[in-house]
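Participant: So that we are looking at the same thing, I have put the structure below in structure tokens.
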Amino acid sequence: MSLFDLFQLIASNIWFYGGVFILVLSVLVFVHEWGHYIVARLCGVRVETFSIGFGKELFGYTDAHGTRWKFSLIPLGGYVKMFGDTDPASSGHLDEVKEGEKIRPMSAAEKKEAFFAKPVAQRAAIVFAGPAINFLFAILLLFGLYSFYGQPVTPPMASAVIVGSAADKGGFEPHDKILSIDGQEIKRFEDIRRIVMVALDTPLEFEIKRGEEVVVLTATPEKQELTDRFGFSHSRGMLGIIGPSQGLAVKNITAVNGREIEDPAKKRQALLSAMSKGKPYKISLKRGEETTDGLIVNPLKELNEGLSNEESLDYNALVVANKKGEEVLRHGLLNGMRAAVTETWGITRSTLHAIGQIFTGTRSATELGGIIRIGAIAGDMAQSGFLAIVTFTALLSINLGLINLFPIPMLDGGHLVFYSLEAVKGKPISEKAQEVAFRFGFVLLVGMMIFANLNDIVQLIM
């Protein structure tokens, strides 16, 4: 998709894409800042401002505790300003109070409400609460989804193997069930996709259940550069197995065991004849204007009786899996929470792995996305339905919490590093040293934001 096409798409859906993006971001920013706010209040700190967005105030109100709650002009973040801090980033403090044109020293009672005067453990708890509640919010979203709707799960089965793929070279066969990858237990096909995608071209050890036998295979995924419909490119590892699905359209099958067949009746006959032998065989598929190298399949005859019955709903489909595709697991409250925590941990680990690959050069830094990419994905998820946008919001919340824990001055993780050093030394790091670090952190963050957003623009133009 060209830059013009993307702008045309966004322009035609500007209220939808923009509204969804701002809504999701505002919710996550509120959750993050509320984490700081509520722990600060519990620690006896006075909070002067709670802002969603930056810049000029659009509207707001002041509560009974003296906190100004407001929405500001630029809806791309937010902040909580504590009493005594010189700025929302808590990069400095003053033990003075301004009253009109006069400035006076803080009283002992006022100092008790100041953030900078609190013990280091309380300050660290207040700072850590923001990222922590982002993770908790994601867990609660997924918990609600899994407990009250169910968790969409695809069985970890290989219903077909792509000819010449990493799976084919590694010895995979149709109907293999993946039990573990590099010792990590696999419960659903989505786990396979996530691990392989992040692994890129790193060899992986698979524990497979084949019939009643358990075998161990080693396969090296193929690293591929893919481009989504918006034009954003990203690297991912490809194994080459097809998960359980509803079936393959007979009209798209062009050859059976290397023999090209056009007549639909003869094609069905050839498929039934091949599967009657009970052994894997090859088919070729046409997708759009391209024909694939082929799939290795082993369809079960009892699941494909519809091929010989024109009245059957499966007359036009070859069922290659040995069980149905996506299932919805109905969790109770306890299992729902367990599944939500497991999913959150899996996303966190995969994200850290991918970020590590960017730093080592295994994965290109051009995969870092900015506002344009996030907004496009948010709009797409919202169009896919409520469940998709809830899942995307949970994913974004995890990433927001994770990024804020990075040890970069200006971010929560940078503050936590200073507090850790203060706890070890027994005294705060000098304000001059902190000021230099915060300036460096500010430049670094601005540079990263510019780089990420230029990535989006350049990839759309190129």
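Following the order of the structure tokens, first chain is A, next is B, and so on, with residues numbered from 1 inside each chain and ligands from 1 in the order they appear.
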Set out as JSON lines a contact list for segment 49-161 of chain A and segment 19-22 of chain A with a cut-off of 10 Å, giving each residue of segment 49-161 of chain A that qualifies its closest atom pair and distance in Å to one decimal, counting only C-alpha atoms, ordered by chain and rising residue number.
Facilitator:
{"residue": "A:Pro75", "atom": "CA", "partner": "A:Ile22", "partner_atom": "CA", "distance": 6.8}
{"residue": "A:Leu76", "atom": "CA", "partner": "A:Ile22", "partner_atom": "CA", "distance": 7.8}
{"residue": "A:Gly77", "atom": "CA", "partner": "A:Ile22", "partner_atom": "CA", "distance": 9.8}
Participant: Quick one: residues within 7 Å of Ile241 of chain A, only C-alpha atoms counted, chain neighbours fewer than 4 positions away excluded, as number ranges by chain?
Facilitator: A: 158, 160-162, 167
Participant: Using only C-alpha atoms, determine which residues lie at most 12 Å from segment 329-332 of chain A, disregarding the query and same-chain residues fewer than 5 positions distant; provide the list as a VMD selection string.
Facilitator: chain A and resid 142 to 155 187 to 188 337 to 340
Participant: Taking C-alpha atoms for each residue, export the selection above as a tab-separated table (two decimals), in the first residue's frame.
Facilitator:
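Result saved to selection01.tsv:
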chain	number	residue	atom	x	y	z
A	142	LEU	CA	-7.70	-11.24	29.18
A	143	PHE	CA	-9.18	-12.78	32.34
A	144	GLY	CA	-12.57	-11.22	31.56
A	145	LEU	CA	-12.34	-12.34	27.93
A	146	TYR	CA	-11.32	-15.92	28.76
A	147	SER	CA	-13.71	-16.35	31.71
A	148	PHE	CA	-16.89	-14.89	30.26
A	149	TYR	CA	-16.46	-15.48	26.52
A	150	GLY	CA	-13.79	-18.16	26.33
A	151	GLN	CA	-10.26	-18.41	24.99
A	152	PRO	CA	-10.00	-19.00	21.23
A	153	VAL	CA	-7.54	-21.87	20.84
A	154	THR	CA	-6.29	-23.76	17.80
A	155	PRO	CA	-4.93	-27.26	18.59
A	187	LYS	CA	-0.79	-26.02	24.37
A	188	ARG	CA	-2.08	-24.32	21.21
A	337	MET	CA	-6.88	-16.09	35.57
A	338	ARG	CA	-4.17	-18.71	35.07
A	339	ALA	CA	-4.58	-18.51	31.27
A	340	ALA	CA	-4.49	-14.68	31.36
Participant: Near segment 206-210 of chain A, counting only C-alpha atoms, which residues have an atom at most 7 Å away, once you skip same-chain residues fewer than 6 positions from it, shown as a list in words?
Facilitator: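 Everything that qualifies: Asp176, Lys177, Ile178, Leu179, Ser180, Ile181, Asp182, Val216, Leu217 and Thr218 of chain A.
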Participant: Tell me, as a list of chain:residue names, which residues lie within 9 Å of segment 409-426 of chain A, counting only C-alpha atoms; anything in the same chain fewer than 2 positions away does not count.
Facilitator: A:Ala89, A:Ser90, A:Ser91, A:Val120, A:Ala121, A:Arg123, A:Ala124, A:Val127, A:Phe128, A:Gly130, A:Pro131, A:Ile403, A:Asn404, A:Leu405, A:Phe406, A:Pro407, A:Pro428, A:Ile429, A:Gln434, A:Ala437, A:Phe438, A:Arg439, A:Phe440, A:Gly441, A:Phe442, A:Leu445
Participant: Got a sec: who's within 9 Å of Met275 of chain A, counting only C-alpha atoms, leaving out chain neighbours fewer than 5 positions off, as a list in words?
Facilitator: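 Here the answer would be Ala270, Pro280, Tyr281, Asn298, Pro299, Leu300 and Lys301 of chain A.
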Participant: I'd like the neighbourhood of segment 24-34 of chain A as an NGL selection string, where a residue qualifies if any of its atoms comes within 10 Å (using only C-alpha atoms), though same-chain residues fewer than 2 positions away should be ignored.
Facilitator: :A and (19-22 or 36-40 or 50-53 or 71 or 75-81 or 127 or 129-138 or 374-375 or 378 or 389-390 or 392-394 or 396-398 or 400-401 or 404)
Participant: Pick the closest to Val215 of chain A from A:Gly258, A:Ile103, A:Arg194, A:Gly171: which is it, counting only C-alpha atoms?
Facilitator: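 Of the candidates, the smallest distance to Val215 of chain A is held by A:Gly171.
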